[in-house]
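The structure appears right after this line, and notes come after that.
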Amino acid sequence: MRMILIPLIAATLGAGAVAIAQSPSNDRAAANEAAFQKEVQGLTPGKPTDCIDTRFNRASLKAIGPRLIYRVGPKLAYVNDTGGGCEGVARGDALVTRQFTSQLCRGDIARTVDMTSRVNTGSCALGSFIPYQAN
C-alpha cells in the first residue's frame, strides 16, 4: 500500500507545482494582451501582407510580448507576431535585420542586441504583417 501511496502523493505535489508555475505566465499573457489592445485601440485590422516598406518617416517600433508593432503614424500600424524571441525590444534592445531591399518580409530573421554591451539577446523569424488602420 505504501508503494502506491508515495507515487500518488508525488504526482499530486508535482501537478500543484505545475499549476502554480503556470499562473505568472498566464498573468503576463493577459497583461500583454491588454497592452496590445490599448496600443491598437481605434484601429481596425486589415488583410495580412508579406512585406512592408521600411522607408517610413518617423516610424517607431514597440514590442509587446511576441508581437512587434511598427507604428507608421497615428492612423496606421503594422503588427507582426514573431512567435517569440525578440521580446528584448520591449526593454530597449535594438532590432537588427539584414535587408537587401527597402522591405522587411515574412520569414526574415531579426535579432535583438543590447545597446550598452552590444551582446545579442535574442532572435526571431518575422511573420506576416497585419495593417491596423483608422476607420
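Every chain in the C-alpha cells takes a letter, A first, then B, and so on in the order presented; its residues are numbered from 1, and the ligands are numbered from 1 following the presented order.
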Nearby residues (only C-alpha atoms) at most 10 Å from range 127-134 of chain A, same-chain spacing under 2 positions excluded, as a short mmCIF file (atom, residue, chain, number, x, y, z; two decimals) with N, CA and C atoms, in the first residue's frame:
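Dumped to part-v2.cif:
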data_model
loop_
_atom_site.label_atom_id
_atom_site.label_comp_id
_atom_site.auth_asym_id
_atom_site.auth_seq_id
_atom_site.Cartn_x
_atom_site.Cartn_y
_atom_site.Cartn_z
N VAL A 40 -3.55 49.34 -30.06
CA VAL A 40 -4.25 49.36 -31.34
C VAL A 40 -5.70 49.84 -31.19
N GLN A 41 -6.01 50.44 -30.05
CA GLN A 41 -7.37 50.93 -29.83
C GLN A 41 -7.74 51.94 -30.91
N GLY A 42 -8.92 51.77 -31.49
CA GLY A 42 -9.39 52.67 -32.54
C GLY A 42 -8.92 52.30 -33.93
N LEU A 43 -8.10 51.25 -34.04
CA LEU A 43 -7.60 50.80 -35.34
C LEU A 43 -8.23 49.46 -35.68
N THR A 44 -8.48 49.25 -36.96
CA THR A 44 -9.10 48.02 -37.44
C THR A 44 -8.08 47.19 -38.20
N PRO A 45 -7.97 45.88 -37.88
CA PRO A 45 -7.01 45.05 -38.61
C PRO A 45 -7.44 44.84 -40.05
N GLY A 46 -6.46 44.79 -40.94
CA GLY A 46 -6.71 44.55 -42.36
C GLY A 46 -6.19 43.19 -42.77
N LYS A 47 -6.07 43.01 -44.07
CA LYS A 47 -5.60 41.75 -44.64
C LYS A 47 -4.08 41.66 -44.46
N PRO A 48 -3.57 40.54 -43.95
CA PRO A 48 -2.12 40.38 -43.76
C PRO A 48 -1.36 40.52 -45.08
N THR A 49 -0.17 41.08 -44.98
CA THR A 49 0.70 41.23 -46.13
C THR A 49 2.06 40.61 -45.79
N ASP A 50 2.78 40.17 -46.81
CA ASP A 50 4.06 39.50 -46.58
C ASP A 50 5.21 40.47 -46.35
N CYS A 51 5.15 41.68 -46.92
CA CYS A 51 6.26 42.63 -46.81
C CYS A 51 5.75 44.03 -46.51
N ILE A 52 6.59 44.81 -45.84
CA ILE A 52 6.29 46.23 -45.64
C ILE A 52 7.51 47.05 -46.04
N ARG A 67 4.79 40.12 -30.09
CA ARG A 67 4.38 40.97 -31.21
C ARG A 67 5.28 42.19 -31.33
N LEU A 68 5.64 42.50 -32.58
CA LEU A 68 6.34 43.75 -32.89
C LEU A 68 5.33 44.68 -33.55
N ILE A 69 5.31 45.93 -33.11
CA ILE A 69 4.37 46.91 -33.65
C ILE A 69 5.16 48.02 -34.29
N TYR A 70 5.04 48.15 -35.62
CA TYR A 70 5.66 49.23 -36.37
C TYR A 70 4.61 50.33 -36.52
N ARG A 71 4.74 51.39 -35.75
CA ARG A 71 3.78 52.49 -35.79
C ARG A 71 4.28 53.48 -36.85
N GLY A 73 2.22 55.94 -38.20
CA GLY A 73 1.60 57.22 -37.88
C GLY A 73 0.43 56.97 -36.95
N PRO A 74 -0.30 58.02 -36.60
CA PRO A 74 -1.42 57.82 -35.68
C PRO A 74 -2.56 56.99 -36.26
N LYS A 75 -2.59 56.87 -37.60
CA LYS A 75 -3.68 56.13 -38.23
C LYS A 75 -3.26 54.82 -38.87
N LEU A 76 -1.98 54.42 -38.72
CA LEU A 76 -1.51 53.18 -39.33
C LEU A 76 -0.39 52.55 -38.51
N ALA A 77 -0.56 51.26 -38.23
CA ALA A 77 0.46 50.47 -37.55
C ALA A 77 0.47 49.08 -38.17
N TYR A 78 1.64 48.49 -38.28
CA TYR A 78 1.78 47.12 -38.76
C TYR A 78 2.16 46.25 -37.57
N VAL A 79 1.43 45.15 -37.39
CA VAL A 79 1.69 44.24 -36.28
C VAL A 79 2.24 42.94 -36.85
N ASN A 80 3.32 42.47 -36.24
CA ASN A 80 3.98 41.24 -36.67
C ASN A 80 4.09 40.32 -35.47
N ASP A 81 3.48 39.15 -35.55
CA ASP A 81 3.58 38.16 -34.48
C ASP A 81 4.75 37.25 -34.80
N THR A 82 5.83 37.41 -34.05
CA THR A 82 7.07 36.68 -34.33
C THR A 82 7.07 35.28 -33.75
N GLY A 83 6.17 35.00 -32.84
CA GLY A 83 6.20 33.71 -32.17
C GLY A 83 7.17 33.70 -31.01
N LEU A 104 10.94 44.81 -45.28
CA LEU A 104 11.01 43.69 -44.35
C LEU A 104 9.94 42.71 -44.79
N CYS A 105 10.27 41.43 -44.80
CA CYS A 105 9.32 40.44 -45.30
C CYS A 105 9.16 39.27 -44.33
N ARG A 106 8.04 38.59 -44.48
CA ARG A 106 7.77 37.39 -43.70
C ARG A 106 8.90 36.40 -43.95
N GLY A 107 9.40 35.81 -42.88
CA GLY A 107 10.49 34.86 -42.99
C GLY A 107 11.86 35.46 -42.73
N ASP A 108 11.97 36.80 -42.77
CA ASP A 108 13.25 37.44 -42.46
C ASP A 108 13.62 37.14 -41.00
N ILE A 109 14.90 37.01 -40.76
CA ILE A 109 15.39 36.76 -39.40
C ILE A 109 15.83 38.09 -38.80
N CYS A 124 14.44 36.13 -33.82
CA CYS A 124 13.11 35.67 -34.19
C CYS A 124 12.95 35.71 -35.70
N ALA A 125 12.00 34.95 -36.18
CA ALA A 125 11.62 35.00 -37.59
C ALA A 125 10.36 35.83 -37.70
#
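Using only C-alpha atoms, the smallest distance between any of A:Ala110, A:Val72, A:Phe56, A:Ser102 and Val89 in chain A comes from A:Ala110.
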| Residues flagged strand (DSSP E) by DSSP in range 13-116 of chain A, as a PyMOL selection string | chain A and resi 43-45+51-53+60-64+67-73+76-81+94-97+103-105+109-113
Would you export the selected residues with C-alpha atoms as a short mmCIF file (atom, residue, chain, number, x, y, z; two decimals), in the first residue's frame, please?
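part-v4.cif, written as the output of this step:
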data_model
loop_
_atom_site.label_atom_id
_atom_site.label_comp_id
_atom_site.auth_asym_id
_atom_site.auth_seq_id
_atom_site.Cartn_x
_atom_site.Cartn_y
_atom_site.Cartn_z
CA LEU A 43 -7.60 50.80 -35.34
CA THR A 44 -9.10 48.02 -37.44
CA PRO A 45 -7.01 45.05 -38.61
CA CYS A 51 6.26 42.63 -46.81
CA ILE A 52 6.29 46.23 -45.64
CA ASP A 53 8.32 49.20 -46.83
CA SER A 60 8.57 53.69 -34.33
CA LEU A 61 8.98 50.13 -33.12
CA LYS A 62 7.49 48.65 -29.99
CA ALA A 63 7.36 45.07 -28.68
CA ILE A 64 4.52 43.67 -26.61
CA ARG A 67 4.38 40.97 -31.21
CA LEU A 68 6.34 43.75 -32.89
CA ILE A 69 4.37 46.91 -33.65
CA TYR A 70 5.66 49.23 -36.37
CA ARG A 71 3.78 52.49 -35.79
CA VAL A 72 3.90 54.45 -39.07
CA GLY A 73 1.60 57.22 -37.88
CA LEU A 76 -1.51 53.18 -39.33
CA ALA A 77 0.46 50.47 -37.55
CA TYR A 78 1.78 47.12 -38.76
CA VAL A 79 1.69 44.24 -36.28
CA ASN A 80 3.98 41.24 -36.67
CA ASP A 81 3.58 38.16 -34.48
CA ALA A 94 17.83 47.25 -30.78
CA LEU A 95 16.20 45.15 -33.50
CA VAL A 96 18.79 44.27 -36.15
CA THR A 97 17.80 42.90 -39.56
CA GLN A 103 11.40 45.99 -47.32
CA LEU A 104 11.01 43.69 -44.35
CA CYS A 105 9.32 40.44 -45.30
CA ILE A 109 15.39 36.76 -39.40
CA ALA A 110 15.79 39.55 -36.85
CA ARG A 111 17.97 39.63 -33.78
CA THR A 112 17.96 41.83 -30.71
CA VAL A 113 21.10 43.48 -29.40
#
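Residue nearest Met115 in chain A within the list A:Asn32, A:Thr101, A:Asp93, A:Gln37: A:Asp93 [criterion: smallest interatomic distance, only C-alpha atoms].
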Pairwise distance, CA of Ala59 in chain A with CA of Glu33 in chain A, equals 22.3 Å
In Å and to one decimal, CA of Lys38 in chain A is distant from CA of Pro24 in chain A by 21.0 Å
